[in-house]
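Data file: entry04.txt. Format and content: compact mmCIF, C-alpha atoms.
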# COMPACT_ATOMS: atom_id res chain seq x y z
CA MET M 1 88.75 109.30 84.23
CA PRO M 2 89.83 109.32 87.91
CA ALA M 3 89.46 106.01 89.71
CA LEU M 4 86.54 105.60 92.07
CA PHE M 5 87.79 105.30 95.64
CA SER M 6 85.49 103.30 97.94
CA ILE M 7 85.85 103.85 101.70
CA VAL M 8 84.36 101.18 103.97
CA ILE M 9 83.78 102.14 107.60
CA PRO M 10 82.86 99.24 109.91
CA ASN M 11 80.67 100.45 112.76
CA TRP M 12 79.35 99.04 116.00
CA ASN M 13 77.81 101.57 118.40
CA GLY M 14 80.16 104.26 117.16
CA ALA M 15 77.70 107.13 116.80
CA VAL M 16 79.83 109.36 119.01
CA PHE M 17 82.79 108.99 116.61
CA LEU M 18 81.15 108.88 113.18
CA PRO M 19 80.59 112.65 112.70
CA ALA M 20 84.29 113.52 113.01
CA CYS M 21 85.21 110.73 110.62
CA LEU M 22 82.56 111.51 108.00
CA ASP M 23 83.04 115.27 108.22
CA SER M 24 86.75 114.83 107.50
CA LEU M 25 85.92 112.69 104.46
CA ALA M 26 83.68 115.49 103.18
CA LYS M 27 86.78 117.73 103.03
CA GLN M 28 88.85 115.45 100.80
CA THR M 29 90.63 117.05 97.86
CA TYR M 30 89.97 113.89 95.82
CA SER M 31 86.35 113.96 94.66
CA GLN M 32 85.68 110.48 93.23
CA ILE M 33 84.77 108.94 96.57
CA GLU M 34 82.14 106.42 97.63
CA ILE M 35 81.52 106.09 101.38
CA ILE M 36 80.01 102.92 102.83
CA VAL M 37 79.23 102.36 106.50
CA ALA M 38 78.79 98.67 107.33
CA ASP M 39 76.87 98.58 110.58
CA ASN M 40 77.05 95.63 112.99
CA ALA M 41 73.50 95.88 114.36
CA SER M 42 74.28 98.98 116.46
CA THR M 43 71.89 99.93 119.25
CA ASP M 44 73.11 103.50 119.83
CA GLY M 45 71.26 105.25 117.01
CA SER M 46 74.08 105.06 114.47
CA GLN M 47 71.68 104.18 111.66
CA LYS M 48 69.38 107.12 112.41
CA LEU M 49 72.35 109.47 112.58
CA LEU M 50 73.54 108.35 109.16
CA ARG M 51 70.13 108.62 107.53
CA GLU M 52 69.41 112.07 108.91
CA ARG M 53 72.80 113.78 108.76
CA TYR M 54 74.70 111.84 106.08
CA PRO M 55 72.21 110.72 103.42
CA HIS M 56 75.01 110.50 100.84
CA VAL M 57 76.61 107.67 102.80
CA ARG M 58 75.64 104.16 101.75
CA LEU M 59 74.50 102.19 104.78
CA VAL M 60 74.93 98.41 104.79
CA GLU M 61 72.98 97.07 107.77
CA LEU M 62 73.94 93.68 109.16
CA PRO M 63 71.33 91.82 111.24
CA THR M 64 73.88 90.75 113.87
CA ASN M 65 77.32 91.83 115.04
CA ARG M 66 79.66 90.06 112.63
CA GLY M 67 82.77 91.72 114.02
CA PHE M 68 85.32 93.83 112.21
CA THR M 69 85.91 91.19 109.55
CA GLY M 70 82.24 90.58 108.84
CA ALA M 71 81.39 94.26 108.54
CA CYS M 72 84.44 95.03 106.41
CA ASN M 73 83.76 92.11 104.08
CA ALA M 74 80.12 93.15 103.65
CA GLY M 75 81.22 96.69 102.86
CA MET M 76 83.93 95.57 100.44
CA GLN M 77 81.48 93.30 98.64
CA ALA M 78 79.19 96.31 98.15
CA ALA M 79 82.00 98.64 97.04
CA GLN M 80 82.18 99.74 93.41
CA GLY M 81 85.63 101.36 93.40
CA ASP M 82 88.88 100.18 91.85
CA ILE M 83 90.50 101.09 95.18
CA ILE M 84 88.87 100.04 98.46
CA ALA M 85 89.96 101.41 101.84
CA LEU M 86 89.02 100.26 105.31
CA LEU M 87 88.73 103.12 107.78
CA ASN M 88 87.96 102.88 111.49
CA ASN M 89 84.93 104.86 112.66
CA ASP M 90 87.07 106.52 115.35
CA THR M 91 89.43 108.25 112.91
CA GLU M 92 89.81 111.62 111.28
CA VAL M 93 91.65 111.90 107.98
CA ASP M 94 93.75 114.71 106.55
CA PRO M 95 92.15 116.46 103.53
CA GLY M 96 94.78 114.99 101.22
CA TRP M 97 94.48 111.41 102.51
CA ALA M 98 92.46 109.92 99.64
CA ALA M 99 94.48 111.75 96.97
CA ALA M 100 97.74 110.45 98.45
CA ILE M 101 96.50 106.85 98.40
CA VAL M 102 95.21 107.03 94.82
CA ASP M 103 98.50 108.62 93.74
CA ALA M 104 100.50 105.84 95.42
CA PHE M 105 98.55 103.15 93.56
CA ASP M 106 98.89 105.05 90.27
CA ARG M 107 102.67 105.24 90.62
CA HIS M 108 103.26 101.65 91.77
CA MET M 109 101.51 98.96 89.78
CA GLU M 110 103.23 96.26 91.87
CA VAL M 111 101.52 97.56 95.00
CA GLY M 112 98.31 95.91 96.16
CA LEU M 113 98.13 97.49 99.62
CA VAL M 114 98.84 101.02 100.84
CA ALA M 115 99.51 101.91 104.48
CA SER M 116 98.79 105.35 105.90
CA LYS M 117 100.70 107.44 108.43
CA MET M 118 98.53 106.96 111.53
CA LEU M 119 98.94 109.35 114.45
CA LEU M 120 97.10 109.43 117.76
CA PHE M 121 93.94 111.53 117.72
CA ASP M 122 94.67 113.36 120.97
CA ARG M 123 98.48 113.46 120.53
CA ARG M 124 98.99 114.36 116.92
CA ASP M 125 102.76 114.31 117.19
CA THR M 126 102.79 110.64 118.25
CA PHE M 127 102.59 107.56 116.02
CA HIS M 128 100.11 104.75 116.12
CA THR M 129 101.72 103.14 113.07
CA ALA M 130 103.77 103.87 109.99
CA GLY M 131 102.87 100.55 108.41
CA ASP M 132 103.09 97.18 110.13
CA TYR M 133 105.86 94.58 110.33
CA PHE M 134 106.02 90.84 110.94
CA THR M 135 109.04 89.30 112.63
CA LEU M 136 110.98 86.10 112.03
CA ASP M 137 109.95 84.87 115.49
CA GLY M 138 106.27 85.22 114.61
CA ARG M 139 105.15 88.59 115.99
CA ALA M 140 103.18 91.37 114.32
CA GLY M 141 103.65 95.00 115.28
CA ASN M 142 103.19 98.66 114.40
CA ARG M 143 106.23 100.53 113.13
CA GLY M 144 106.92 103.60 115.22
CA VAL M 145 104.18 103.00 117.79
CA TRP M 146 104.31 105.58 120.64
CA GLN M 147 107.24 107.41 118.99
CA LYS M 148 107.19 111.17 118.55
CA ASP M 149 106.93 112.18 114.91
CA VAL M 150 110.21 113.94 114.18
CA GLY M 151 110.41 113.01 110.51
CA GLN M 152 111.78 109.48 110.95
CA TYR M 153 108.96 108.02 108.83
CA ASP M 154 108.68 110.72 106.18
CA ARG M 155 110.02 108.43 103.45
CA GLU M 156 107.76 106.33 101.24
CA GLU M 157 108.83 102.69 101.49
CA TYR M 158 107.72 99.10 101.33
CA VAL M 159 106.39 97.57 104.55
CA PHE M 160 104.86 94.20 105.35
CA SER M 161 101.27 95.22 106.06
CA ALA M 162 98.80 98.07 106.31
CA CYS M 163 96.95 98.55 109.60
CA GLY M 164 93.27 97.67 109.09
CA GLY M 165 92.25 100.95 110.72
CA SER M 166 93.23 102.76 107.52
CA SER M 167 94.33 100.16 104.98
CA ALA M 168 93.76 100.56 101.25
CA TYR M 169 93.61 97.76 98.69
CA ARG M 170 93.63 97.41 94.94
CA LYS M 171 90.36 95.72 94.02
CA SER M 172 92.04 93.52 91.44
CA MET M 173 94.30 92.18 94.20
CA LEU M 174 91.34 91.37 96.44
CA LYS M 175 89.76 89.41 93.61
CA THR M 176 92.89 87.26 93.52
CA VAL M 177 93.76 86.77 97.20
CA GLY M 178 90.28 87.11 98.74
CA LEU M 179 88.84 89.34 101.44
CA LEU M 180 89.41 89.18 105.19
CA ASP M 181 89.17 85.77 106.84
CA ASP M 182 85.84 85.91 108.65
CA ASP M 183 87.02 83.37 111.24
CA PHE M 184 89.23 86.09 112.76
CA PHE M 185 86.26 88.30 113.82
CA PHE M 186 88.76 91.03 114.65
CA SER M 187 92.50 91.42 115.40
CA LEU M 188 95.30 90.48 112.97
CA GLU M 189 92.87 90.02 110.09
CA ASP M 190 94.75 92.80 108.29
CA VAL M 191 98.08 91.01 108.78
CA ASP M 192 96.57 87.75 107.56
CA LEU M 193 95.36 89.46 104.37
CA ALA M 194 98.79 91.05 103.92
CA TRP M 195 100.39 87.61 104.20
CA ARG M 196 98.24 86.30 101.35
CA ALA M 197 99.00 89.39 99.26
CA GLN M 198 102.75 89.06 99.86
CA LEU M 199 102.69 85.34 99.08
CA TRP M 200 100.89 86.14 95.81
CA GLY M 201 103.62 88.66 94.89
CA TRP M 202 101.92 91.96 95.75
CA ARG M 203 103.81 94.67 97.66
CA CYS M 204 102.60 96.91 100.48
CA LEU M 205 103.65 100.57 100.32
CA TYR M 206 103.71 103.03 103.22
CA THR M 207 103.05 106.60 102.10
CA PRO M 208 103.56 109.38 104.68
CA LYS M 209 101.36 111.82 102.76
CA ALA M 210 98.24 109.81 103.67
CA VAL M 211 97.68 111.02 107.24
CA VAL M 212 95.09 109.60 109.65
CA TYR M 213 94.39 110.46 113.31
CA HIS M 214 93.10 107.58 115.43
CA HIS M 215 91.39 107.28 118.82
CA LEU M 216 93.41 104.17 119.69
CA SER M 217 91.16 101.37 121.03
CA ALA M 218 88.23 103.73 121.44
CA THR M 219 85.73 101.08 120.36
CA GLY M 220 87.60 97.89 121.23
CA GLY M 221 90.18 96.31 123.50
CA GLY M 222 90.14 94.59 126.90
CA VAL M 223 89.33 90.95 127.47
CA THR M 224 87.81 90.39 124.03
CA ALA M 225 90.87 91.81 122.30
CA SER M 226 93.20 89.67 124.41
CA PHE M 227 91.32 86.51 123.43
CA HIS M 228 91.44 87.32 119.73
CA ASP M 229 95.08 88.44 119.85
CA GLY M 230 96.11 85.12 121.39
CA ARG M 231 94.02 83.00 119.05
CA ASN M 232 94.52 84.88 115.80
CA LEU M 233 98.31 85.00 115.89
CA ILE M 234 98.26 81.20 115.84
CA TYR M 235 95.82 81.39 112.92
CA VAL M 236 98.22 83.65 111.01
CA LEU M 237 101.30 81.52 111.66
CA VAL M 238 99.74 78.18 110.80
CA LYS M 239 98.07 79.43 107.63
CA ASN M 240 100.80 81.50 106.09
CA LEU M 241 104.39 80.81 107.15
CA PRO M 242 106.18 78.67 104.51
CA ARG M 243 107.47 75.25 105.59
CA SER M 244 111.13 76.13 105.14
CA LEU M 245 110.77 79.12 107.46
CA TRP M 246 109.02 76.96 110.03
CA ARG M 247 112.04 74.64 109.91
CA LYS M 248 114.47 77.54 110.21
CA TYR M 249 112.66 79.72 112.75
CA GLY M 250 110.14 77.36 114.35
CA GLY M 251 112.14 77.20 117.59
CA GLN M 252 112.13 80.98 117.93
CA ILE M 253 108.42 81.14 117.13
CA LEU M 254 107.53 78.48 119.70
CA ARG M 255 109.69 80.19 122.34
CA SER M 256 107.92 83.47 121.60
CA GLN M 257 104.53 81.79 121.98
CA TRP M 258 105.61 80.16 125.24
CA LYS M 259 106.87 83.50 126.55
CA GLN M 260 103.47 85.06 125.89
CA ALA M 261 101.70 82.12 127.52
CA TRP M 262 104.01 82.23 130.55
CA GLU M 263 103.45 85.97 130.99
CA ALA M 264 99.70 85.33 130.91
CA ILE M 265 100.03 82.48 133.45
CA ARG M 266 101.98 84.75 135.79
CA ALA M 267 99.20 87.35 135.48
CA TRP M 268 96.48 84.71 135.89
CA ARG M 269 94.38 86.85 138.22
CA GLY M 270 93.83 89.33 135.41
CA ALA M 271 90.84 88.67 133.15
CA ALA M 272 92.78 89.75 130.05
CA ALA M 273 95.59 87.29 130.79
CA ARG M 274 93.13 84.41 131.16
CA ALA M 275 91.43 85.48 127.94
CA ARG M 276 94.71 85.38 126.04
CA LEU M 277 95.37 81.84 127.27
CA ARG M 278 91.88 80.75 126.22
CA GLY M 279 92.52 82.28 122.82
CA MET M 280 95.78 80.43 122.39
CA LEU M 281 94.11 77.15 123.34
CA VAL M 282 91.27 77.74 120.86
CA GLY M 283 93.86 78.51 118.20
CA LEU M 284 95.59 75.19 118.78
CA LEU M 285 92.28 73.31 118.73
CA ALA M 286 91.55 74.85 115.31
CA LEU M 287 94.64 73.25 113.73
CA PRO M 288 92.72 70.83 111.44
CA THR M 289 90.75 73.69 109.88
CA LEU M 290 93.82 75.92 109.69
CA LEU M 291 95.86 73.24 107.93
CA LYS M 292 93.20 72.96 105.21
CA LYS M 293 93.40 76.71 104.64
CA ARG M 294 97.19 76.50 104.69
CA ARG M 295 97.27 73.98 101.87
CA THR M 296 95.19 76.24 99.64
CA ILE M 297 97.33 79.30 100.40
CA GLN M 298 100.71 77.62 100.00
CA LEU M 299 99.74 75.94 96.72
CA ALA M 300 98.72 79.29 95.26
CA ARG M 301 101.74 81.37 96.31
CA THR M 302 104.04 82.69 93.61
CA VAL M 303 107.11 83.94 95.54
CA SER M 304 110.15 82.09 96.83
CA ASP M 305 110.96 81.23 100.42
CA GLU M 306 113.98 83.52 100.16
CA TYR M 307 111.78 86.43 99.18
CA VAL M 308 109.39 85.80 102.08
CA GLU M 309 112.32 85.71 104.50
CA SER M 310 113.61 89.01 103.09
CA ILE M 311 110.40 90.92 103.86
CA LEU M 312 110.20 89.77 107.49
CA SER M 313 111.80 91.80 110.28
CA PRO M 314 114.30 90.63 112.90
CA PRO M 315 112.84 89.72 116.31
CA GLN M 316 111.94 92.83 118.32
CA VAL M 317 113.52 93.24 121.74

Here is the file; what I need is its structure written in the form of structure tokens.
Amino acid sequence: MPALFSIVIPNWNGAVFLPACLDSLAKQTYSQIEIIVADNASTDGSQKLLRERYPHVRLVELPTNRGFTGACNAGMQAAQGDIIALLNNDTEVDPGWAAAIVDAFDRHMEVGLVASKMLLFDRRDTFHTAGDYFTLDGRAGNRGVWQKDVGQYDREEYVFSACGGSSAYRKSMLKTVGLLDDDFFFSLEDVDLAWRAQLWGWRCLYTPKAVVYHHLSATGGGVTASFHDGRNLIYVLVKNLPRSLWRKYGGQILRSQWKQAWEAIRAWRGAAARARLRGMLVGLLALPTLLKKRRTIQLARTVSDEYVESILSPPQV
């Protein structure tokens, strides 16, 4: 019997985007699909839209805005499928998207995460991401971002992480490594989950046949994003990077952090720059809590330091 594929769509005031997303899911060639919208107390009529136009969609209503992580976790906890995908509300998926993801999991039992080929919604020849990377100097990034699609990412291959805007997870993996860290709220929560998966020995596979079109930053960004970007990268590094790699690459990581802080200081008049600095400070103040989480994660990991080093990318210029 085909596996049930659960699709969790976090939503906060995204009524203008939901129809395109849900209509594209209705055209999937794979039929065993469960759609869940986890709503963060929207005030734009999203709930009414879903009840009236999409009664087949399961609506999980949260009483307050719990952010991307809170909504996704609530949706994943409600999901019944053996495969669970997170999909941004401002996306449109190719008709073969779900089938490509299920096929990838079927062919690769070592894979716990699958990354889609994400292109820009309004420039469908331009990449948002072909899977995500993490560098030895402590930076996360999107492979291929802003590049024209000329076939350079048409090969299926292992990557570090799947972008949370269209990530897919094996449910059995989530039971082992846990869901998203709710303390992140949003930004880099997908990379943090990928770190835990990689440390537990699961692989992440990029499959170019799973195509998604994304309105980049349509429902996020700005000052709030800058704060969480600054804070959450520190969360990721403290929690997940093995001790031997801190000894080997700690200088590069600290220089990279200082470079980001210095750039924000130089742009101090900008609200986003000040927000990033506040985020970095909050991240440092959270060290006691982060170190407790780190101990749990590092004690449970099953792979060697050499393996972890091998899946990280060189510093990006």

Report task. Could you tell me how far atom CA of Arg294 of chain M lies from atom CA of Trp200 of chain M, in Å and to one decimal? Result ->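 For atom CA of Arg294 of chain M relative to atom CA of Trp200 of chain M, the distance reads 13.6 Å.
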
Closest contacts (segment 136-186 of chain M/segment 255-276 of chain M, max 10 Å, all atoms listed in the file) as JSON lines:
{"residue": "M:Asp137", "atom": "CA", "partner": "M:Ser256", "partner_atom": "CA", "distance": 6.6}
{"residue": "M:Gly138", "atom": "CA", "partner": "M:Ser256", "partner_atom": "CA", "distance": 7.4}
{"residue": "M:Arg139", "atom": "CA", "partner": "M:Ser256", "partner_atom": "CA", "distance": 8.1}

Requested in this report: Could you give me, as a PyMOL selection string, the residues that have an atom at most 12 Å away from the point (99.0, 101.7, 93.9) in the coordinates of the file, using only C-alpha atoms?
Outcome: chain M and resi 3+5+82-84+98-115+158+168-173+202-207

Query raised in the report: What is the atom CA of Ala85 of chain M to atom CA of Gln147 of chain M distance in Å?
Result: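 These two atoms are separated by 25.1 Å.
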
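A straight line drawn from atom CA of Val282 of chain M to atom CA of Asn142 of chain M is 24.9 Å long.
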
Query raised in the report: Which residues come within 6 Å of Ile35 of chain M, counting all atoms listed in the file, excluding same-chain residues fewer than 4 positions away, as a PyMOL selection string?
Result: chain M and resi 6-7+57

Report task. Please return, as a list of chain:residue names, all polymer residues that have at least one atom within 12 Å of the point (73.9, 111.9, 110.1); use all atoms listed in the file and the file's own coordinate frame. Result -> M:Ala15, M:Val16, M:Phe17, M:Leu18, M:Pro19, M:Ala20, M:Cys21, M:Leu22, M:Asp23, M:Val37, M:Gly45, M:Ser46, M:Gln47, M:Lys48, M:Leu49, M:Leu50, M:Arg51, M:Glu52, M:Arg53, M:Tyr54, M:Pro55, M:His56, M:Val57, M:Arg58, M:Leu59

**Report entry** Close residues, Ser166 of chain M itself excluded, 8 Å, only C-alpha atoms, min 2 positions apart in chain, as a list in words
**Finding:** Ala85, Leu86, Leu87, Asn88, Ala115, Ser116, Met118, Ala162, Cys163, Gly164, Ala168 and Val212 of chain M

Any chance you could export the current selection's C-alpha atoms as an mmCIF file, in the coordinates of the input?
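Generated output (selection_8.cif):
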data_model
loop_
_atom_site.group_PDB
_atom_site.id
_atom_site.type_symbol
_atom_site.label_atom_id
_atom_site.label_comp_id
_atom_site.auth_asym_id
_atom_site.auth_seq_id
_atom_site.Cartn_x
_atom_site.Cartn_y
_atom_site.Cartn_z
ATOM 1 C CA ALA M 85 89.960 101.410 101.840
ATOM 2 C CA LEU M 86 89.020 100.260 105.310
ATOM 3 C CA LEU M 87 88.730 103.120 107.780
ATOM 4 C CA ASN M 88 87.960 102.880 111.490
ATOM 5 C CA ALA M 115 99.510 101.910 104.480
ATOM 6 C CA SER M 116 98.790 105.350 105.900
ATOM 7 C CA MET M 118 98.530 106.960 111.530
ATOM 8 C CA ALA M 162 98.800 98.070 106.310
ATOM 9 C CA CYS M 163 96.950 98.550 109.600
ATOM 10 C CA GLY M 164 93.270 97.670 109.090
ATOM 11 C CA ALA M 168 93.760 100.560 101.250
ATOM 12 C CA VAL M 212 95.090 109.600 109.650
#

**Report entry** Selection near Leu281 of chain M, 9 Å with all atoms listed in the file, sequence-local residues under 5 positions removed, as a ChimeraX atom specification
**Finding:** /M:230-231,276,286

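Shortest atom-to-atom contact with Leu245 of chain M among M:Val303, M:Leu233, M:Ala194, M:Val308: M:Val308, counting all atoms listed in the file.
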
Requested in this report: Tell me which of M:Glu156, M:Asp39, M:Glu61, M:Asp90 sits closest to Ser24 of chain M, counting all atoms listed in the file.
Outcome: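 Of the candidates, the smallest distance to Ser24 of chain M is held by M:Asp90.
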
Give one line per residue of segment 107-140 of chain M that approaches segment 186-191 of chain M to at most 9 Å, naming the two atoms of the closest pair and their distance in Å to one decimal, counting all atoms listed in the file; sort by chain then ascending residue number and deliver it as CSV.
residue,atom,partner,partner_atom,distance
M:Asp132,CA,M:Val191,CA,8.1
M:Tyr133,CA,M:Val191,CA,8.7
M:Phe134,CA,M:Val191,CA,8.2
M:Ala140,CA,M:Val191,CA,7.5

Query raised in the report: Near Lys248 of chain M, within 12 Å and counting only C-alpha atoms, which residues show up once chain neighbours fewer than 4 positions away are dropped, as a PyMOL selection string?
Result: chain M and resi 136-137+241-244+252-254+305-306+309

Query - Using all atoms listed in the file: which of M:Asn11, M:Asn89, M:Ser310, M:Thr129 has the shortest distance to Val211 of chain M - result: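 Under the stated criterion, the closest residue is M:Thr129.
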
So that I can see what lies close to segment 213-215 of chain M, please list as a PDB file with C-alpha atoms, keeping the file's coordinate frame the residues with an atom at most 6 Å from it, counting all atoms listed in the file and leaving out residues fewer than 3 positions away in the same chain.
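Output file around_12.pdb is given in full below:
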ATOM      1  CA  ASP M  90      87.070 106.520 115.350  1.00  0.00           C
ATOM      2  CA  THR M  91      89.430 108.250 112.910  1.00  0.00           C
ATOM      3  CA  GLU M  92      89.810 111.620 111.280  1.00  0.00           C
ATOM      4  CA  MET M 118      98.530 106.960 111.530  1.00  0.00           C
ATOM      5  CA  LEU M 119      98.940 109.350 114.450  1.00  0.00           C
ATOM      6  CA  LEU M 120      97.100 109.430 117.760  1.00  0.00           C
ATOM      7  CA  PHE M 121      93.940 111.530 117.720  1.00  0.00           C
ATOM      8  CA  ALA M 218      88.230 103.730 121.440  1.00  0.00           C
TER       9      ALA M 218
END
